[in-house]
file entry-v8.cif (mmCIF, C-alpha atoms)
data_structure
loop_
_atom_site.group_PDB
_atom_site.id
_atom_site.type_symbol
_atom_site.label_atom_id
_atom_site.label_comp_id
_atom_site.auth_asym_id
_atom_site.auth_seq_id
_atom_site.Cartn_x
_atom_site.Cartn_y
_atom_site.Cartn_z
ATOM 1 C CA MET J 1 143.311 183.228 -71.722
ATOM 2 C CA GLU J 2 143.849 180.705 -68.964
ATOM 3 C CA LYS J 3 142.363 183.051 -66.359
ATOM 4 C CA HIS J 4 139.312 183.463 -68.546
ATOM 5 C CA VAL J 5 138.841 179.670 -68.865
ATOM 6 C CA GLN J 6 139.418 179.204 -65.132
ATOM 7 C CA ARG J 7 136.820 181.864 -64.301
ATOM 8 C CA PHE J 8 134.337 180.271 -66.738
ATOM 9 C CA LEU J 9 134.814 176.819 -65.170
ATOM 10 C CA ASN J 10 134.407 178.257 -61.651
ATOM 11 C CA ASN J 11 131.184 180.043 -62.657
ATOM 12 C CA LEU J 12 129.927 176.840 -64.292
ATOM 13 C CA SER J 13 130.614 174.754 -61.178
ATOM 14 C CA TYR J 14 128.960 177.384 -58.908
ATOM 15 C CA ALA J 15 125.900 177.383 -61.152
ATOM 16 C CA SER J 16 125.770 173.549 -61.119
ATOM 17 C CA ILE J 17 126.072 173.450 -57.326
ATOM 18 C CA THR J 18 123.309 176.077 -56.978
ATOM 19 C CA ILE J 19 120.952 174.185 -59.307
ATOM 20 C CA ALA J 20 121.637 170.864 -57.551
ATOM 21 C CA THR J 21 121.040 172.427 -54.107
ATOM 22 C CA LEU J 22 117.759 174.033 -55.193
ATOM 23 C CA THR J 23 116.585 170.790 -56.766
ATOM 24 C CA LEU J 24 117.419 168.853 -53.596
ATOM 25 C CA LEU J 25 115.590 171.402 -51.438
ATOM 26 C CA LEU J 26 112.507 171.230 -53.676
ATOM 27 C CA LEU J 27 112.493 167.438 -53.509
ATOM 28 C CA TYR J 28 112.946 167.530 -49.745
ATOM 29 C CA ILE J 29 110.184 170.069 -49.118
ATOM 30 C CA GLN J 30 107.613 168.805 -51.618
ATOM 31 C CA THR J 31 106.002 165.447 -50.797
ATOM 32 C CA PRO J 32 105.685 163.216 -53.863
ATOM 33 C CA GLU J 33 102.078 162.911 -55.029
ATOM 34 C CA THR J 34 102.355 159.149 -55.504
ATOM 35 C CA CYS J 35 103.025 158.484 -51.804
ATOM 36 C CA VAL J 36 100.380 160.519 -49.990
ATOM 37 C CA ASP J 37 96.922 161.596 -51.010
ATOM 38 C CA PRO J 38 96.900 165.372 -50.250
ATOM 39 C CA SER J 39 93.140 165.330 -49.571
ATOM 40 C CA ASP J 40 93.526 162.653 -46.856
ATOM 41 C CA PRO J 41 93.505 164.438 -43.457
ATOM 42 C CA ASN J 42 95.023 161.429 -41.622
ATOM 43 C CA PRO J 43 97.524 159.655 -43.844
ATOM 44 C CA ASN J 44 98.970 156.346 -42.655
ATOM 45 C CA PRO J 45 102.244 156.798 -40.765
ATOM 46 C CA HIS J 46 104.170 154.460 -43.046
ATOM 47 C CA THR J 47 103.262 156.494 -46.153
ATOM 48 C CA ARG J 48 104.104 159.888 -44.649
ATOM 49 C CA PHE J 49 107.884 159.797 -44.961
ATOM 50 C CA PRO J 50 109.092 157.034 -47.259
ATOM 51 C CA LYS J 51 112.617 155.926 -46.427
ATOM 52 C CA SER J 52 113.321 153.783 -49.483
ATOM 53 C CA THR J 53 111.878 152.833 -52.832
ATOM 54 C CA CYS J 54 110.307 149.737 -51.224
ATOM 55 C CA ASP J 55 107.932 152.053 -49.345
ATOM 56 C CA PHE J 56 106.513 153.250 -52.660
ATOM 57 C CA ASN J 57 105.523 149.776 -53.884
ATOM 58 C CA HIS J 58 103.099 148.072 -51.544
ATOM 59 C CA ARG J 59 103.361 144.288 -51.624
ATOM 60 C CA SER J 60 100.228 142.236 -51.438
ATOM 61 C CA TYR J 61 99.823 140.087 -48.347
ATOM 62 C CA ALA J 62 100.303 136.388 -49.079
ATOM 63 C CA SER J 63 98.207 134.082 -46.909
ATOM 64 C CA VAL J 64 99.776 131.098 -45.159
ATOM 65 C CA GLU J 65 97.967 128.714 -47.511
ATOM 66 C CA LYS J 66 99.277 130.504 -50.607
ATOM 67 C CA ARG J 67 102.824 130.641 -49.235
ATOM 68 C CA ASN J 68 102.722 126.948 -48.307
ATOM 69 C CA ARG J 69 101.378 125.914 -51.721
ATOM 70 C CA ARG J 70 104.242 127.800 -53.366
ATOM 71 C CA ILE J 71 106.889 126.265 -51.070
ATOM 72 C CA TRP J 72 105.461 122.738 -51.168
ATOM 73 C CA SER J 73 105.442 122.702 -54.979
ATOM 74 C CA THR J 74 109.191 123.311 -55.311
ATOM 75 C CA LYS J 75 111.578 120.571 -56.354
ATOM 76 C CA ALA J 76 113.731 121.052 -53.241
ATOM 77 C CA TRP J 77 110.712 120.437 -50.988
ATOM 78 C CA THR J 78 109.549 117.306 -52.813
ATOM 79 C CA THR J 79 113.091 115.901 -52.906
ATOM 80 C CA ALA J 80 113.560 116.408 -49.158
ATOM 81 C CA VAL J 81 110.160 114.861 -48.371
ATOM 82 C CA ALA J 82 110.927 111.869 -50.620
ATOM 83 C CA SER J 83 114.274 111.399 -48.844
ATOM 84 C CA TYR J 84 112.628 111.365 -45.418
ATOM 85 C CA ALA J 85 109.866 109.079 -46.707
ATOM 86 C CA ALA J 86 112.441 106.501 -47.847
ATOM 87 C CA VAL J 87 114.025 106.444 -44.378
ATOM 88 C CA PHE J 88 110.626 106.227 -42.664
ATOM 89 C CA LYS J 89 109.499 103.355 -44.913
ATOM 90 C CA THR J 90 112.590 101.439 -43.813
ATOM 91 C CA LEU J 91 111.743 102.158 -40.180
ATOM 92 C CA GLU J 92 108.137 101.124 -40.766
ATOM 93 C CA SER J 93 109.255 97.793 -42.229
ATOM 94 C CA GLN J 94 111.302 97.253 -39.034
ATOM 95 C CA ASN J 95 108.161 97.964 -36.916
ATOM 96 C CA HIS J 96 109.547 101.152 -35.350
ATOM 97 C CA ILE J 97 106.765 103.328 -36.827
ATOM 98 C CA SER J 98 103.068 102.505 -37.182
ATOM 99 C CA ASN J 99 99.992 104.526 -38.126
ATOM 100 C CA HIS J 100 99.086 104.888 -34.435
ATOM 101 C CA SER J 101 102.525 106.007 -33.225
ATOM 102 C CA ARG J 102 102.762 109.250 -31.291
ATOM 103 C CA VAL J 103 105.782 110.955 -32.877
ATOM 104 C CA LEU J 104 107.649 114.037 -31.662
ATOM 105 C CA ILE J 105 110.017 115.823 -34.043
ATOM 106 C CA VAL J 106 112.356 118.250 -32.290
ATOM 107 C CA SER J 107 114.122 120.880 -34.406
ATOM 108 C CA ALA J 108 111.837 120.055 -37.312
ATOM 109 C CA GLY J 109 112.944 122.859 -39.621
ATOM 110 C CA PRO J 110 110.296 123.701 -42.237
ATOM 111 C CA GLY J 111 108.474 120.360 -41.782
ATOM 112 C CA HIS J 112 109.818 117.946 -44.402
ATOM 113 C CA ALA J 113 109.776 115.019 -41.965
ATOM 114 C CA VAL J 114 106.257 115.880 -40.797
ATOM 115 C CA ARG J 115 104.944 115.819 -44.352
ATOM 116 C CA ALA J 116 106.722 112.499 -45.025
ATOM 117 C CA LEU J 117 105.198 110.905 -41.908
ATOM 118 C CA ASN J 118 101.739 112.258 -42.747
ATOM 119 C CA ASP J 119 102.037 110.850 -46.268
ATOM 120 C CA LEU J 120 103.064 107.525 -44.737
ATOM 121 C CA GLY J 121 99.837 107.480 -42.711
ATOM 122 C CA VAL J 122 101.075 108.353 -39.218
ATOM 123 C CA GLU J 123 98.198 110.165 -37.513
ATOM 124 C CA ASP J 124 99.750 111.808 -34.444
ATOM 125 C CA VAL J 125 102.833 113.840 -35.417
ATOM 126 C CA THR J 126 103.943 116.808 -33.319
ATOM 127 C CA ALA J 127 106.793 118.939 -34.630
ATOM 128 C CA VAL J 128 108.465 121.807 -32.794
ATOM 129 C CA GLU J 129 111.052 124.382 -33.780
ATOM 130 C CA ILE J 130 112.175 127.759 -32.446
ATOM 131 C CA VAL J 131 110.439 129.401 -35.440
ATOM 132 C CA ASP J 132 107.038 127.964 -36.319
ATOM 133 C CA SER J 133 106.043 126.961 -39.834
ATOM 134 C CA PRO J 134 102.260 126.561 -39.806
ATOM 135 C CA PRO J 135 100.474 124.210 -40.116
ATOM 136 C CA LEU J 136 103.201 121.548 -39.885
ATOM 137 C CA VAL J 137 105.581 122.904 -37.227
ATOM 138 C CA SER J 138 104.718 124.628 -33.943
ATOM 139 C CA ARG J 139 106.894 127.024 -31.992
ATOM 140 C CA ALA J 140 108.630 125.653 -28.883
ATOM 141 C CA ASP J 141 112.020 125.865 -27.228
ATOM 142 C CA PRO J 142 113.926 122.578 -27.646
ATOM 143 C CA HIS J 143 115.732 123.279 -24.355
ATOM 144 C CA ASN J 144 112.406 123.378 -22.480
ATOM 145 C CA LEU J 145 109.803 121.226 -24.228
ATOM 146 C CA PRO J 146 106.186 121.811 -23.136
ATOM 147 C CA PHE J 147 105.283 118.090 -22.939
ATOM 148 C CA PHE J 148 104.759 115.646 -20.097
ATOM 149 C CA ASP J 149 107.103 112.724 -19.516
ATOM 150 C CA GLY J 150 106.163 109.742 -21.641
ATOM 151 C CA ALA J 151 103.847 111.669 -23.989
ATOM 152 C CA PHE J 152 105.321 110.181 -27.192
ATOM 153 C CA ASP J 153 106.261 106.749 -28.494
ATOM 154 C CA LEU J 154 108.921 107.865 -30.907
ATOM 155 C CA GLY J 155 111.132 110.900 -31.312
ATOM 156 C CA LEU J 156 113.162 112.386 -34.088
ATOM 157 C CA GLY J 157 115.846 114.976 -33.499
ATOM 158 C CA LEU J 158 116.710 116.376 -36.889
ATOM 159 C CA TYR J 159 118.979 119.308 -36.084
ATOM 160 C CA LEU J 160 120.037 118.616 -32.505
ATOM 161 C CA ASP J 161 123.671 119.118 -33.484
ATOM 162 C CA ARG J 162 122.867 122.802 -34.082
ATOM 163 C CA ALA J 163 121.279 123.337 -30.649
ATOM 164 C CA LEU J 164 122.707 126.039 -28.411
ATOM 165 C CA PHE J 165 122.920 123.586 -25.478
ATOM 166 C CA PRO J 166 122.881 120.069 -26.993
ATOM 167 C CA ASP J 167 123.018 118.248 -23.634
ATOM 168 C CA ARG J 168 119.970 120.126 -22.362
ATOM 169 C CA SER J 169 118.094 119.532 -25.620
ATOM 170 C CA ILE J 170 118.736 115.796 -25.546
ATOM 171 C CA PHE J 171 117.750 115.628 -21.848
ATOM 172 C CA GLU J 172 114.394 117.322 -22.628
ATOM 173 C CA TYR J 173 114.004 115.198 -25.724
ATOM 174 C CA ILE J 174 114.444 111.856 -23.915
ATOM 175 C CA HIS J 175 111.969 112.783 -21.150
ATOM 176 C CA ALA J 176 109.126 113.194 -23.629
ATOM 177 C CA PHE J 177 109.075 109.490 -24.600
ATOM 178 C CA ALA J 178 107.139 106.549 -23.225
ATOM 179 C CA HIS J 179 109.386 103.978 -21.569
ATOM 180 C CA ASP J 180 108.145 100.507 -22.438
ATOM 181 C CA ARG J 181 110.026 97.424 -21.258
ATOM 182 C CA GLY J 182 112.713 99.516 -19.615
ATOM 183 C CA PHE J 183 114.059 101.414 -22.618
ATOM 184 C CA SER J 184 113.293 104.516 -24.583
ATOM 185 C CA ARG J 185 113.004 104.305 -28.356
ATOM 186 C CA SER J 186 114.370 107.361 -30.028
ATOM 187 C CA ILE J 187 115.728 107.812 -33.490
ATOM 188 C CA LEU J 188 118.359 110.387 -34.310
ATOM 189 C CA LEU J 189 118.659 111.081 -38.003
ATOM 190 C CA GLU J 190 122.080 112.043 -39.218
ATOM 191 C CA LYS J 191 123.355 113.087 -42.608
ATOM 192 C CA ARG J 192 124.842 109.647 -43.271
ATOM 193 C CA GLY J 193 121.822 107.587 -42.217
ATOM 194 C CA TYR J 194 119.969 106.817 -39.024
ATOM 195 C CA GLU J 195 120.889 105.329 -35.708
ATOM 196 C CA ILE J 196 118.532 103.685 -33.198
ATOM 197 C CA MET J 197 119.336 104.165 -29.522
#

call {"tool": "encode", "arguments": {"input": "entry-v8.cif", "output": "structure tokens"}}
result
Amino acid sequence: MEKHVQRFLNNLSYASITIATLTLLLLYIQTPETCVDPSDPNPNPHTRFPKSTCDFNHRSYASVEKRNRRIWSTKAWTTAVASYAAVFKTLESQNHISNHSRVLIVSAGPGHAVRALNDLGVEDVTAVEIVDSPPLVSRADPHNLPFFDGAFDLGLGLYLDRALFPDRSIFEYIHAFAHDRGFSRSILLEKRGYEIM
């Protein structure tokens, strides 16, 4: 009786393996109808051989304006902008920032500080980061800034502590400011507050 059961189980497993192999071969050979239109003589290359389920569902392209509206309406964004605005209002009351200041923000991140300065009324704000975030932040290397010496009145270095070469970044950063009365005004924001050099 045990030999009979063993033989039955072996035959059942061989049959299961055969069915699974045939099914896999059919799926491999036959292209799914949802991915490629068979009447199309020149299908797009990305729809020819889907590599994951994400290839089956095409995502709609979101414009920069739509993406920015979605990001700028979040609570995290408005909280960060309000935090920067409070610091900048303090600096404005101390006459470090005016509406006609030329401000450079190095390592600007997504642009919270830019938005806060624009809301404050500062007209000329230039923000740079390794990865751009249009329309607030442009792409530039903080180790090699594309600005002339003395092009800005005020500078903010938000994430200079995360720079690959901090000494080089600060050297480039200082050269971009106007030197009036023998000193350079630059403001380095830190997590605990701000410090004027």

call {"tool": "atom_distance", "arguments": {"input": "entry-v8.cif", "atom1": "CA of Ser98 in chain J", "atom2": "CA of Asp167 in chain J"}}
result
28.8 Å

call {"tool": "resolve_selection", "arguments": {"input": "entry-v8.cif", "expression": "the PyMOL selection byres ((chain J and resi 159) around 8)", "output": "VMD selection string"}}
result
chain J and resid 106 to 109 157 to 158 160 to 163

call {"tool": "resolve_selection", "arguments": {"input": "entry-v8.cif", "expression": "the PyMOL selection byres ((chain J and resi 121-127) around 12)", "output": "ChimeraX atom specification"}}
result
/J:85,88-89,92,96-120,128-142,145-147,151-158,176

call {"tool": "closest_residue", "arguments": {"input": "entry-v8.cif", "among": "J:Ala76, J:Val87, J:Phe148, J:His143", "to": "His175 in chain J", "atoms": "only C-alpha atoms"}}
result
J:Phe148

call {"tool": "axis_aligned_box", "arguments": {"input": "entry-v8.cif", "around": "range 128-142 of chain J", "padding_each_side": "4 Å", "output": "JSON"}}
result
{"center_x": 107.2, "center_y": 125.5, "center_z": -33.7, "size_x": 21.5, "size_y": 15.9, "size_z": 20.9}

call {"tool": "closest_residue", "arguments": {"input": "entry-v8.cif", "among": "J:Thr18, J:Asn11, J:Asn144, J:Ser93", "to": "Pro166 in chain J", "atoms": "all atoms listed in the file"}}
result
J:Asn144

call {"tool": "atom_distance", "arguments": {"input": "entry-v8.cif", "atom1": "CA of Thr78 in chain J", "atom2": "CA of Lys66 in chain J"}}
result
16.9 Å
